[in-house]
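Student: Sharing a structure below in structure tokens format, with a few things to ask.
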Amino acid sequence: MYIYVKKISKYLTSKYICLLLFSAMRDDDIYLDFTGVYYISTEFAITYKKMKGESKKNIKEVNLPYYYRTLF
């Protein structure tokens with residue numbers, strides 16, 4: 001499954017947006033395309049990293065800007 005993150009939000013700023021993102025994941029193999037995402041907050045990144053670690057899904061980040069890679 002391929003998810004364009006910008007369709008959920010271009011500004012990833014809260015835990016709530018992270019919950020929306022994970023609720024959109026239906027398959028076991030997920031590709032998250034971050035093209036067009038302008039901002040990722042620390043709160044979102046911490047929640048995303050925690051939820052990704054707890055998830056049994058195979059999640060891959062695509063087109064994630066270099067300066068955000070250290071957050072994940």
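Chain labels A, B, ... are given in the sequence in which chains occur in the structure tokens; within each chain residues are numbered consecutively from 1, and ligands are likewise numbered from 1 in the order shown.
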Write out as a PyMOL selection string which residues come within 8 Å of Leu64 (chain A) when counting only C-alpha atoms, dropping same-chain ones fewer than 5 positions away.

Tutor: chain A and resi 33-35+69

Student: Just write the chosen residues, C-alpha atoms, as a PDB file, in the first residue's frame.

Tutor:
ATOM      1  CA  ASP A  33       5.569   9.109   0.570  1.00  0.00           C
ATOM      2  CA  PHE A  34       6.561  12.373   2.271  1.00  0.00           C
ATOM      3  CA  THR A  35       6.676  14.403  -0.965  1.00  0.00           C
ATOM      4  CA  ARG A  69      15.677  11.345   8.668  1.00  0.00           C
TER       5      ARG A  69
END

Student: Of the candidates A:Phe22, A:Tyr31, A:Tyr4, A:Tyr66, which shows the shortest atom-to-atom distance to Phe44 (chain A), using only C-alpha atoms?

Tutor: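 Checking each candidate against Phe44 (chain A), we get A:Phe22 as the closest.
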
Student: Please measure the separation of CA of Tyr39 (chain A) and CA of Ile3 (chain A), giving the value in Å to one decimal.

Tutor: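 Computed distance, CA of Tyr39 (chain A) to CA of Ile3 (chain A), equals 17.2 Å.
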
Student: So that I can see what lies close to Lys7 (chain A), please list as a PyMOL selection string the residues with an atom at most 12 Å from it, counting only C-alpha atoms and leaving out residues fewer than 2 positions away in the same chain.

Tutor: chain A and resi 2-5+9-12+17+20-21+24+32-37

Student: For the selection you just gave me, I'd like the residues written to a file as an mmCIF file, in the first residue's frame, keeping C-alpha atoms.

Tutor:
data_model
loop_
_atom_site.group_PDB
_atom_site.id
_atom_site.type_symbol
_atom_site.label_atom_id
_atom_site.label_comp_id
_atom_site.auth_asym_id
_atom_site.auth_seq_id
_atom_site.Cartn_x
_atom_site.Cartn_y
_atom_site.Cartn_z
ATOM 1 C CA TYR A 2 1.315 3.434 -0.966
ATOM 2 C CA ILE A 3 0.181 6.420 1.129
ATOM 3 C CA TYR A 4 0.785 10.036 0.147
ATOM 4 C CA VAL A 5 1.226 11.697 3.551
ATOM 5 C CA SER A 9 -1.593 16.866 6.145
ATOM 6 C CA LYS A 10 1.280 18.942 4.767
ATOM 7 C CA TYR A 11 2.198 19.992 8.306
ATOM 8 C CA LEU A 12 2.752 17.028 10.625
ATOM 9 C CA ILE A 17 -2.163 13.526 12.853
ATOM 10 C CA LEU A 20 -4.789 9.514 11.541
ATOM 11 C CA LEU A 21 -1.814 8.321 9.520
ATOM 12 C CA ALA A 24 -5.110 4.865 7.200
ATOM 13 C CA LEU A 32 4.780 6.426 3.149
ATOM 14 C CA ASP A 33 5.569 9.109 0.570
ATOM 15 C CA PHE A 34 6.561 12.373 2.271
ATOM 16 C CA THR A 35 6.676 14.403 -0.965
ATOM 17 C CA GLY A 36 5.022 17.773 -0.369
ATOM 18 C CA VAL A 37 5.231 17.622 3.434
#

Student: Once DSSP has gone over the backbone, tell me which residues of region 35-68 of chain A are in strand (DSSP E), as number ranges by chain.

Tutor: A: 39-40, 58-62

Student: Could you tell me how far CA of Ile46 (chain A) sits from CA of Tyr67 (chain A), in Å to one decimal place?

Tutor: 15.2 Å

Student: Using DSSP on the backbone, list every residue of chain A that comes out as helix (DSSP H, G or I), and give them as a PyMOL selection string.

Tutor: chain A and resi 5-7+15-23+42-54+66-69

Student: Would you put the residues from that selection into a file with C-alpha atoms, as a tab-separated table (two decimals), in the first residue's frame?

Tutor:
chain	number	residue	atom	x	y	z
A	5	VAL	CA	1.23	11.70	3.55
A	6	LYS	CA	0.46	15.18	2.19
A	7	LYS	CA	-3.13	14.05	1.54
A	15	LYS	CA	-0.03	13.13	17.90
A	16	TYR	CA	-3.51	13.34	16.40
A	17	ILE	CA	-2.16	13.53	12.85
A	18	CYS	CA	0.07	10.55	13.58
A	19	LEU	CA	-2.97	8.57	14.77
A	20	LEU	CA	-4.79	9.51	11.54
A	21	LEU	CA	-1.81	8.32	9.52
A	22	PHE	CA	-1.67	4.95	11.27
A	23	SER	CA	-5.45	4.49	11.00
A	42	THR	CA	9.21	16.73	17.23
A	43	GLU	CA	5.93	15.67	18.87
A	44	PHE	CA	4.81	13.96	15.65
A	45	ALA	CA	8.22	12.33	15.15
A	46	ILE	CA	8.35	10.90	18.68
A	47	THR	CA	4.81	9.50	18.40
A	48	TYR	CA	5.50	8.12	14.92
A	49	LYS	CA	8.70	6.40	16.03
A	50	LYS	CA	6.92	4.84	19.04
A	51	MET	CA	3.92	3.65	17.00
A	52	LYS	CA	6.13	2.30	14.22
A	53	GLY	CA	8.13	0.31	16.78
A	54	GLU	CA	4.95	-1.17	18.28
A	66	TYR	CA	17.37	14.50	4.70
A	67	TYR	CA	17.08	16.78	7.73
A	68	TYR	CA	14.07	14.78	9.05
A	69	ARG	CA	15.68	11.34	8.67

Student: What is the distance between CA of Asp27 (chain A) and CA of Thr70 (chain A), in Å to one decimal?

Tutor: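 Rounded to one decimal, the two atoms are 25.8 Å apart.
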